[in-house]
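Peer 1: File name structure.pdb; file contents PDB, C-alpha atoms; full text below.
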```
ATOM      1  CA  MET Y   7       0.000   0.000   0.000
ATOM      2  CA  TYR Y   8       1.284   3.430  -0.996
ATOM      3  CA  ILE Y   9      -0.352   6.200   1.017
ATOM      4  CA  ILE Y  10      -0.111   9.999   0.812
ATOM      5  CA  VAL Y  11      -0.997  11.960   3.948
ATOM      6  CA  VAL Y  12      -1.678  15.683   3.493
ATOM      7  CA  GLY Y  13      -1.379  17.698   6.701
ATOM      8  CA  CYS Y  14       1.075  16.774   9.424
ATOM      9  CA  GLY Y  15      -0.639  18.233  12.467
ATOM     10  CA  LYS Y  16      -1.560  16.152  15.517
ATOM     11  CA  MET Y  17      -3.897  13.977  13.468
ATOM     12  CA  GLY Y  18      -1.892  13.650  10.249
ATOM     13  CA  GLY Y  19       1.312  13.035  12.192
ATOM     14  CA  PHE Y  20      -0.260  10.406  14.449
ATOM     15  CA  ILE Y  21      -1.820   8.565  11.531
ATOM     16  CA  ALA Y  22       1.363   8.739   9.432
ATOM     17  CA  ASN Y  23       3.337   7.272  12.358
ATOM     18  CA  THR Y  24       0.757   4.518  12.827
ATOM     19  CA  LEU Y  25       0.759   3.574   9.130
ATOM     20  CA  SER Y  26       4.550   3.665   8.946
ATOM     21  CA  ARG Y  27       4.757   1.272  11.916
ATOM     22  CA  LYS Y  28       2.457  -1.072  10.032
ATOM     23  CA  GLU Y  29       5.092  -1.124   7.287
ATOM     24  CA  MET Y  30       3.114   0.822   4.723
ATOM     25  CA  ASP Y  31       4.798   3.251   2.322
ATOM     26  CA  VAL Y  32       3.881   6.737   3.472
ATOM     27  CA  VAL Y  33       4.585  10.217   2.100
ATOM     28  CA  VAL Y  34       3.563  13.207   4.214
ATOM     29  CA  ILE Y  35       2.959  16.658   2.731
ATOM     30  CA  ASP Y  36       2.724  19.840   4.814
ATOM     31  CA  VAL Y  37       3.157  23.539   4.020
ATOM     32  CA  ASN Y  38       5.046  24.025   7.252
ATOM     33  CA  GLU Y  39       8.322  22.199   7.769
ATOM     34  CA  LYS Y  40       7.970  22.478  11.557
ATOM     35  CA  SER Y  41       4.916  20.214  11.425
ATOM     36  CA  PHE Y  42       7.160  17.263  10.624
ATOM     37  CA  SER Y  43       8.242  17.301  14.263
ATOM     38  CA  GLU Y  44       5.018  15.328  14.842
ATOM     39  CA  LEU Y  45       6.656  12.384  13.070
ATOM     40  CA  SER Y  46       8.340   9.904  15.363
ATOM     41  CA  THR Y  47      12.016   9.044  15.064
ATOM     42  CA  ASP Y  48      11.157   5.639  13.582
ATOM     43  CA  PHE Y  49       8.957   7.125  10.832
ATOM     44  CA  SER Y  50      10.217   5.440   7.671
ATOM     45  CA  GLY Y  51       8.343   7.482   5.032
ATOM     46  CA  PHE Y  52       9.131  10.621   3.051
ATOM     47  CA  GLN Y  53       8.344  14.251   3.879
ATOM     48  CA  ILE Y  54       7.495  16.903   1.323
ATOM     49  CA  GLU Y  55       7.314  20.548   2.338
ATOM     50  CA  GLY Y  56       4.792  22.273   0.115
ATOM     51  CA  ASP Y  57       1.213  23.201  -0.588
ATOM     52  CA  ALA Y  58      -0.918  20.224  -1.637
ATOM     53  CA  LEU Y  59      -3.242  22.643  -3.445
ATOM     54  CA  GLU Y  60      -0.485  22.841  -6.103
ATOM     55  CA  THR Y  61      -0.662  19.821  -8.360
ATOM     56  CA  GLU Y  62       3.117  19.993  -8.831
ATOM     57  CA  ILE Y  63       3.511  19.090  -5.133
ATOM     58  CA  LEU Y  64       1.077  16.182  -5.500
ATOM     59  CA  ARG Y  65       3.028  14.966  -8.540
ATOM     60  CA  ARG Y  66       6.262  15.174  -6.564
ATOM     61  CA  ALA Y  67       4.580  12.867  -4.046
ATOM     62  CA  LYS Y  68       3.931  10.423  -6.933
ATOM     63  CA  ILE Y  69       0.196  10.729  -6.528
ATOM     64  CA  GLU Y  70      -0.394   8.723  -9.734
ATOM     65  CA  GLN Y  71       0.894   5.660  -7.864
ATOM     66  CA  ALA Y  72      -1.000   6.213  -4.596
ATOM     67  CA  ASP Y  73      -3.488   3.610  -3.390
ATOM     68  CA  LEU Y  74      -4.894   5.963  -0.783
ATOM     69  CA  LEU Y  75      -4.919   9.732  -0.275
ATOM     70  CA  LEU Y  76      -5.659  10.980   3.254
ATOM     71  CA  VAL Y  77      -6.339  14.725   3.469
ATOM     72  CA  LEU Y  78      -6.152  15.665   7.116
ATOM     73  CA  THR Y  79      -5.369  19.376   7.430
ATOM     74  CA  ASP Y  80      -7.219  21.659   9.872
ATOM     75  CA  ASP Y  81      -8.964  23.452   6.988
ATOM     76  CA  ASP Y  82     -12.127  21.868   5.594
ATOM     77  CA  ASN Y  83     -11.915  23.851   2.339
ATOM     78  CA  VAL Y  84      -8.360  22.684   1.693
ATOM     79  CA  ASN Y  85      -9.381  19.120   2.510
ATOM     80  CA  LEU Y  86     -12.339  19.168   0.145
ATOM     81  CA  THR Y  87     -10.323  20.695  -2.705
ATOM     82  CA  VAL Y  88      -7.284  18.415  -2.404
ATOM     83  CA  ALA Y  89      -9.512  15.347  -2.046
ATOM     84  CA  GLN Y  90     -11.422  16.274  -5.207
ATOM     85  CA  VAL Y  91      -8.207  16.854  -7.168
ATOM     86  CA  GLY Y  92      -6.892  13.489  -5.949
ATOM     87  CA  LYS Y  93     -10.073  11.661  -6.844
ATOM     88  CA  HIS Y  94     -11.069  13.290 -10.114
ATOM     89  CA  VAL Y  95      -7.800  14.564 -11.626
ATOM     90  CA  PHE Y  96      -5.341  11.894 -10.475
ATOM     91  CA  LYS Y  97      -7.867   9.055 -10.103
ATOM     92  CA  VAL Y  98      -6.519   7.893  -6.739
ATOM     93  CA  PRO Y  99      -8.518   4.714  -5.984
ATOM     94  CA  HIS Y 100      -9.350   5.734  -2.401
ATOM     95  CA  THR Y 101      -9.556   9.226  -0.969
ATOM     96  CA  ILE Y 102     -10.590  10.181   2.548
ATOM     97  CA  ALA Y 103     -10.916  13.789   3.725
ATOM     98  CA  ARG Y 104     -11.115  14.964   7.298
ATOM     99  CA  VAL Y 105     -14.141  17.128   8.049
ATOM    100  CA  PHE Y 106     -13.716  19.436  10.985
ATOM    101  CA  ASP Y 107     -17.282  20.738  11.006
ATOM    102  CA  PRO Y 108     -19.800  17.840  11.126
ATOM    103  CA  ARG Y 109     -22.432  19.990   9.412
ATOM    104  CA  ARG Y 110     -20.304  20.040   6.250
ATOM    105  CA  GLU Y 111     -19.897  16.272   6.065
ATOM    106  CA  VAL Y 112     -22.962  15.891   3.868
ATOM    107  CA  ILE Y 113     -21.541  18.400   1.350
ATOM    108  CA  PHE Y 114     -18.351  16.353   1.035
ATOM    109  CA  GLN Y 115     -20.331  13.160   0.625
ATOM    110  CA  ARG Y 116     -22.554  14.667  -2.069
ATOM    111  CA  LEU Y 117     -19.361  15.442  -3.991
ATOM    112  CA  GLY Y 118     -18.409  11.775  -3.760
ATOM    113  CA  ILE Y 119     -15.637  12.261  -1.191
ATOM    114  CA  ASP Y 120     -15.305   9.730   1.635
ATOM    115  CA  THR Y 121     -14.985  11.526   4.929
ATOM    116  CA  ILE Y 122     -13.715  11.095   8.422
ATOM    117  CA  CYS Y 123     -15.215  13.393  11.033
ATOM    118  CA  PRO Y 124     -13.467  13.113  14.401
ATOM    119  CA  THR Y 125     -16.223  15.114  16.093
ATOM    120  CA  ARG Y 126     -18.941  12.776  14.871
ATOM    121  CA  LEU Y 127     -16.876   9.693  15.817
ATOM    122  CA  SER Y 128     -16.404  11.142  19.304
ATOM    123  CA  ALA Y 129     -20.097  11.947  19.672
ATOM    124  CA  GLN Y 130     -20.954   8.378  18.720
ATOM    125  CA  LYS Y 131     -18.438   7.025  21.238
ATOM    126  CA  ILE Y 132     -19.980   9.166  23.976
ATOM    127  CA  LEU Y 133     -23.494   7.993  23.072
ATOM    128  CA  ASP Y 134     -22.290   4.372  23.237
ATOM    129  CA  THR Y 135     -20.815   5.062  26.675
ATOM    130  CA  LEU Y 136     -24.131   6.586  27.806
ATOM    131  CA  GLU Y 137     -26.012   3.494  26.672
ATOM    132  CA  GLN Y 138     -23.571   1.389  28.683
ATOM    133  CA  ILE Y 139     -24.041   3.608  31.774
ATOM    134  CA  LYS Y 140     -27.826   3.263  31.471
ATOM    135  CA  LYS Y 141     -27.543  -0.512  31.216
ATOM    136  CA  ASP Y 142     -25.217  -0.662  34.240
ATOM    137  CA  ASN Y 143     -27.627   1.513  36.270
ATOM    138  CA  LYS Y 144     -30.535  -0.867  35.676
TER     139      LYS Y 144
ATOM    140  CA  MET V  25     -29.586  11.702  32.799
ATOM    141  CA  TYR V  26     -28.141  15.052  33.833
ATOM    142  CA  ILE V  27     -25.050  15.942  31.839
ATOM    143  CA  ILE V  28     -22.598  18.840  32.060
ATOM    144  CA  VAL V  29     -20.593  19.687  28.939
ATOM    145  CA  VAL V  30     -17.543  21.905  29.434
ATOM    146  CA  GLY V  31     -16.370  23.626  26.251
ATOM    147  CA  CYS V  32     -18.787  24.655  23.515
ATOM    148  CA  GLY V  33     -16.512  24.553  20.466
ATOM    149  CA  LYS V  34     -17.246  22.439  17.401
ATOM    150  CA  MET V  35     -17.061  19.244  19.427
ATOM    151  CA  GLY V  36     -18.764  20.341  22.648
ATOM    152  CA  GLY V  37     -21.511  22.119  20.731
ATOM    153  CA  PHE V  38     -22.179  19.173  18.442
ATOM    154  CA  ILE V  39     -22.328  16.739  21.342
ATOM    155  CA  ALA V  40     -24.530  19.038  23.458
ATOM    156  CA  ASN V  41     -26.956  19.353  20.522
ATOM    157  CA  THR V  42     -26.978  15.584  20.031
ATOM    158  CA  LEU V  43     -27.641  14.878  23.719
ATOM    159  CA  SER V  44     -30.333  17.559  23.908
ATOM    160  CA  ARG V  45     -32.115  15.992  20.927
ATOM    161  CA  LYS V  46     -32.073  12.679  22.799
ATOM    162  CA  GLU V  47     -34.029  14.437  25.556
ATOM    163  CA  MET V  48     -31.256  14.481  28.116
ATOM    164  CA  ASP V  49     -30.809  17.371  30.530
ATOM    165  CA  VAL V  50     -27.731  19.263  29.412
ATOM    166  CA  VAL V  51     -25.850  22.262  30.798
ATOM    167  CA  VAL V  52     -23.048  23.737  28.704
ATOM    168  CA  ILE V  53     -20.229  25.816  30.183
ATOM    169  CA  ASP V  54     -17.863  27.962  28.142
ATOM    170  CA  VAL V  55     -15.620  30.941  28.938
ATOM    171  CA  ASN V  56     -16.650  32.623  25.729
ATOM    172  CA  GLU V  57     -20.274  33.562  25.203
ATOM    173  CA  LYS V  58     -19.798  33.545  21.423
ATOM    174  CA  SER V  59     -19.174  29.801  21.536
ATOM    175  CA  PHE V  60     -22.841  29.214  22.329
ATOM    176  CA  SER V  61     -23.578  30.011  18.686
ATOM    177  CA  GLU V  62     -22.613  26.369  18.082
ATOM    178  CA  LEU V  63     -25.830  25.356  19.854
ATOM    179  CA  SER V  64     -28.753  24.725  17.556
ATOM    180  CA  THR V  65     -32.002  26.647  17.861
ATOM    181  CA  ASP V  66     -33.743  23.571  19.309
ATOM    182  CA  PHE V  67     -31.128  23.104  22.074
ATOM    183  CA  SER V  68     -33.207  22.743  25.213
ATOM    184  CA  GLY V  69     -30.483  22.904  27.878
ATOM    185  CA  PHE V  70     -28.861  25.713  29.878
ATOM    186  CA  GLN V  71     -25.794  27.793  29.055
ATOM    187  CA  ILE V  72     -23.345  29.117  31.617
ATOM    188  CA  GLU V  73     -20.688  31.638  30.618
ATOM    189  CA  GLY V  74     -17.683  31.145  32.861
ATOM    190  CA  ASP V  75     -14.442  29.326  33.556
ATOM    191  CA  ALA V  76     -14.964  25.713  34.586
ATOM    192  CA  LEU V  77     -11.612  25.831  36.389
ATOM    193  CA  GLU V  78     -13.474  27.848  39.066
ATOM    194  CA  THR V  79     -15.439  25.513  41.316
ATOM    195  CA  GLU V  80     -18.050  28.261  41.769
ATOM    196  CA  ILE V  81     -18.955  27.891  38.079
ATOM    197  CA  LEU V  82     -19.199  24.107  38.419
ATOM    198  CA  ARG V  83     -21.465  24.555  41.475
ATOM    199  CA  ARG V  84     -23.662  26.934  39.514
ATOM    200  CA  ALA V  85     -24.038  24.128  36.958
ATOM    201  CA  LYS V  86     -25.251  21.885  39.837
ATOM    202  CA  ILE V  87     -22.333  19.546  39.432
ATOM    203  CA  GLU V  88     -23.301  17.652  42.603
ATOM    204  CA  GLN V  89     -26.340  16.340  40.725
ATOM    205  CA  ALA V  90     -24.590  15.466  37.468
ATOM    206  CA  ASP V  91     -24.585  11.877  36.221
ATOM    207  CA  LEU V  92     -21.933  12.621  33.627
ATOM    208  CA  LEU V  93     -19.311  15.334  33.139
ATOM    209  CA  LEU V  94     -17.900  15.757  29.626
ATOM    210  CA  VAL V  95     -14.838  18.005  29.431
ATOM    211  CA  LEU V  96     -14.295  18.834  25.776
ATOM    212  CA  THR V  97     -12.313  22.076  25.513
ATOM    213  CA  ASP V  98      -9.396  22.464  23.074
ATOM    214  CA  ASP V  99      -6.917  22.551  25.955
ATOM    215  CA  ASP V 100      -5.701  19.219  27.315
ATOM    216  CA  ASN V 101      -4.492  20.772  30.573
ATOM    217  CA  VAL V 102      -7.877  22.375  31.238
ATOM    218  CA  ASN V 103      -9.597  19.105  30.395
ATOM    219  CA  LEU V 104      -7.417  17.076  32.752
ATOM    220  CA  THR V 105      -7.834  19.538  35.610
ATOM    221  CA  VAL V 106     -11.600  19.988  35.317
ATOM    222  CA  ALA V 107     -12.112  16.235  34.935
ATOM    223  CA  GLN V 108     -10.081  15.571  38.090
ATOM    224  CA  VAL V 109     -12.028  18.177  40.067
ATOM    225  CA  GLY V 110     -15.289  16.656  38.850
ATOM    226  CA  LYS V 111     -14.252  13.139  39.706
ATOM    227  CA  HIS V 112     -12.402  13.619  42.982
ATOM    228  CA  VAL V 113     -13.903  16.778  44.516
ATOM    229  CA  PHE V 114     -17.532  16.545  43.365
ATOM    230  CA  LYS V 115     -17.643  12.741  42.939
ATOM    231  CA  VAL V 116     -19.422  12.865  39.587
ATOM    232  CA  PRO V 117     -20.175   9.187  38.808
ATOM    233  CA  HIS V 118     -18.847   9.368  35.229
ATOM    234  CA  THR V 119     -16.281  11.769  33.821
ATOM    235  CA  ILE V 120     -14.884  11.779  30.302
ATOM    236  CA  ALA V 121     -12.157  14.161  29.162
ATOM    237  CA  ARG V 122     -11.198  14.912  25.591
ATOM    238  CA  VAL V 123      -7.511  14.419  24.851
ATOM    239  CA  PHE V 124      -6.218  16.407  21.927
ATOM    240  CA  ASP V 125      -2.732  14.880  21.912
ATOM    241  CA  PRO V 126      -2.911  11.052  21.735
ATOM    242  CA  ARG V 127       0.469  10.770  23.452
ATOM    243  CA  ARG V 128      -1.029  12.246  26.611
ATOM    244  CA  GLU V 129      -3.915   9.796  26.774
ATOM    245  CA  VAL V 130      -1.962   7.395  28.952
ATOM    246  CA  ILE V 131      -1.270  10.176  31.499
ATOM    247  CA  PHE V 132      -4.996  10.891  31.828
ATOM    248  CA  GLN V 133      -5.764   7.210  32.203
ATOM    249  CA  ARG V 134      -3.101   6.746  34.891
ATOM    250  CA  LEU V 135      -4.893   9.488  36.836
ATOM    251  CA  GLY V 136      -8.121   7.494  36.583
ATOM    252  CA  ILE V 137      -9.787   9.787  34.032
ATOM    253  CA  ASP V 138     -11.770   8.196  31.198
ATOM    254  CA  THR V 139     -10.767   9.731  27.913
ATOM    255  CA  ILE V 140     -11.970  10.310  24.424
ATOM    256  CA  CYS V 141      -9.302  10.972  21.837
ATOM    257  CA  PRO V 142     -10.757  12.010  18.465
ATOM    258  CA  THR V 143      -7.374  11.579  16.792
ATOM    259  CA  ARG V 144      -7.015   7.988  17.984
ATOM    260  CA  LEU V 145     -10.630   7.173  17.019
ATOM    261  CA  SER V 146      -9.977   8.589  13.555
ATOM    262  CA  ALA V 147      -6.744   6.642  13.176
ATOM    263  CA  GLN V 148      -8.581   3.447  14.111
ATOM    264  CA  LYS V 149     -11.323   4.207  11.602
ATOM    265  CA  ILE V 150      -8.719   4.735   8.860
ATOM    266  CA  LEU V 151      -6.984   1.452   9.737
ATOM    267  CA  ASP V 152     -10.362  -0.339   9.569
ATOM    268  CA  THR V 153     -10.951   1.204   6.127
ATOM    269  CA  LEU V 154      -7.494   0.035   5.000
ATOM    270  CA  GLU V 155      -8.267  -3.514   6.098
ATOM    271  CA  GLN V 156     -11.474  -3.348   4.071
ATOM    272  CA  ILE V 157      -9.597  -2.038   1.005
ATOM    273  CA  LYS V 158      -7.089  -4.894   1.290
ATOM    274  CA  LYS V 159      -9.910  -7.443   1.513
ATOM    275  CA  ASP V 160     -11.690  -5.906  -1.491
ATOM    276  CA  ASN V 161      -8.445  -6.000  -3.533
ATOM    277  CA  LYS V 162      -7.988  -9.733  -2.955
TER     278      LYS V 162
END
```
Written as structure tokens, that's how I'd like the structure from this file.
Peer 2:
Amino acid sequence: MYIIVVGCGKMGGFIANTLSRKEMDVVVIDVNEKSFSELSTDFSGFQIEGDALETEILRRAKIEQADLLLVLTDDDNVNLTVAQVGKHVFKVPHTIARVFDPRREVIFQRLGIDTICPTRLSAQKILDTLEQIKKDNK
Amino acid sequence: MYIIVVGCGKMGGFIANTLSRKEMDVVVIDVNEKSFSELSTDFSGFQIEGDALETEILRRAKIEQADLLLVLTDDDNVNLTVAQVGKHVFKVPHTIARVFDPRREVIFQRLGIDTICPTRLSAQKILDTLEQIKKDNK
């Protein structure tokens, strides 16, 4: 599996480290070189400093060969745009974009972009915990 | 169920709305009044503007009666502190703190605080998706 991760903040960095430890080929792109400090010392992938909104940067990351594009920056608009370019221009087989604002998730999905919404996942986890508490209280 | 939500950002607001729609009693605390704009028009709970690090604010939210305290601000240190006060000082039966940085999750757990880490949940979801992709490719 060849995976491109766009955005090396807390989430992108953590996920890139996790994938690298599972012996997948990972390239991380971030506009800010300092963000790469999120990568652990055993991270075995490549880092590219640049703006993933520029197709030249995506090409440098060999996006034509990617099996999966993960777009995980803090900016929903960037995520939507890069994911669409990956899916429709470079025909990456699988593209997942992070959605910060859960209310926008439906917009992404209407545009055919698979999403990951940490807020919604967390809300679901809390609801599951509540169900468990209710059961335990009975 | 009586639930206190500390922090009304994207996550706190979304979760407070979700719980309110499920007909639970919800009080939301935030230092910044503007944050309450995250609450939907049908939110049926109470809002308290104030700093949850002050026990007076927690008392005003009737923390002694709470079944669940959710501490969901963007600041891990605030979350850890408020969760500990809720658990150990006010003996709230269930306390869950958001952890922004996955590397700190173990510290929270060692202090007996239940955690929710959106980044870790998202990473797990992505790994599950990868497993599915691998299966589909076979």
Peer 1: Can you tell me which residues surround region 32-49 of chain V at a distance of at most 10 Å, considering all atoms listed in the file, apart from same-chain residues fewer than 4 positions away, and format the answer as an MDAnalysis selection string?
Peer 2: (chainID Y and resid 106:109 124:126 128:130 132:133 136) or (chainID V and resid 25:28 53:71 90 94:98 122 142)
Peer 1: For each of V:His112, V:Lys86, V:Arg128, V:Arg134, take the minimum atom-to-atom distance to chain Y, counting all atoms listed in the file, then give the residue where this is smallest.
Peer 2: V:Arg128
Peer 1: Quick one: which residues end up in the PyMOL selection byres ((chain V and resi 132) around 12) for this structure, as a PyMOL selection string?
Peer 2: chain V and resi 100-108+119-131+133-141
Peer 1: Calculated over all atoms listed in the file, which of the candidates V:Val51, V:Val113, V:Leu92, V:Leu145 has the smallest distance to Glu73 (chain V)?
Peer 2: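 That would be V:Val51, the residue with the smallest distance to Glu73 (chain V).
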Peer 1: Assuming 5 Å of padding per side, give the centre and edge lengths of the axis-aligned box around every listed atom of region 78-92 of chain Y, in Å to one decimal and as lines of an AutoDock Vina configuration file.
Peer 2:
```
center_x = -8.9
center_y = 18.7
center_z = 1.4
size_x = 17.0
size_y = 20.4
size_z = 27.0
```
Peer 1: With distances taken over only C-alpha atoms, which residue among Y:Val11, Y:Ile139, Y:Val34, Y:Ile69 lies nearest chain V?
Peer 2: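 Distance minimum relative to chain V lands on Y:Ile139.
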Peer 1: Looking at all atoms listed in the file, which of V:Pro117, V:Ala76, V:Val50, V:Glu88 is the one that sits closest to Asn143 (chain Y)?
Peer 2: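 Of V:Pro117, V:Ala76, V:Val50, V:Glu88, the one nearest Asn143 (chain Y), counting all atoms listed in the file, is V:Pro117.
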Peer 1: Nearest to chain V among Y:Asp73, Y:Lys144, Y:Arg66, Y:Gly92, with distances taken over all atoms listed in the file: which residue is it?
Peer 2: Y:Asp73
Peer 1: Please report the interatomic distance between CA of Val12 (chain Y) and CA of Lys97 (chain Y) in Å with one decimal.
Peer 2: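 Value for the CA of Val12 (chain Y)-CA of Lys97 (chain Y) distance: 16.3 Å.
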Peer 1: Mind giving me the straight-line distance from CA of Val109 (chain V) to CA of Leu93 (chain V) in Å, one decimal?
Peer 2: 10.4 Å
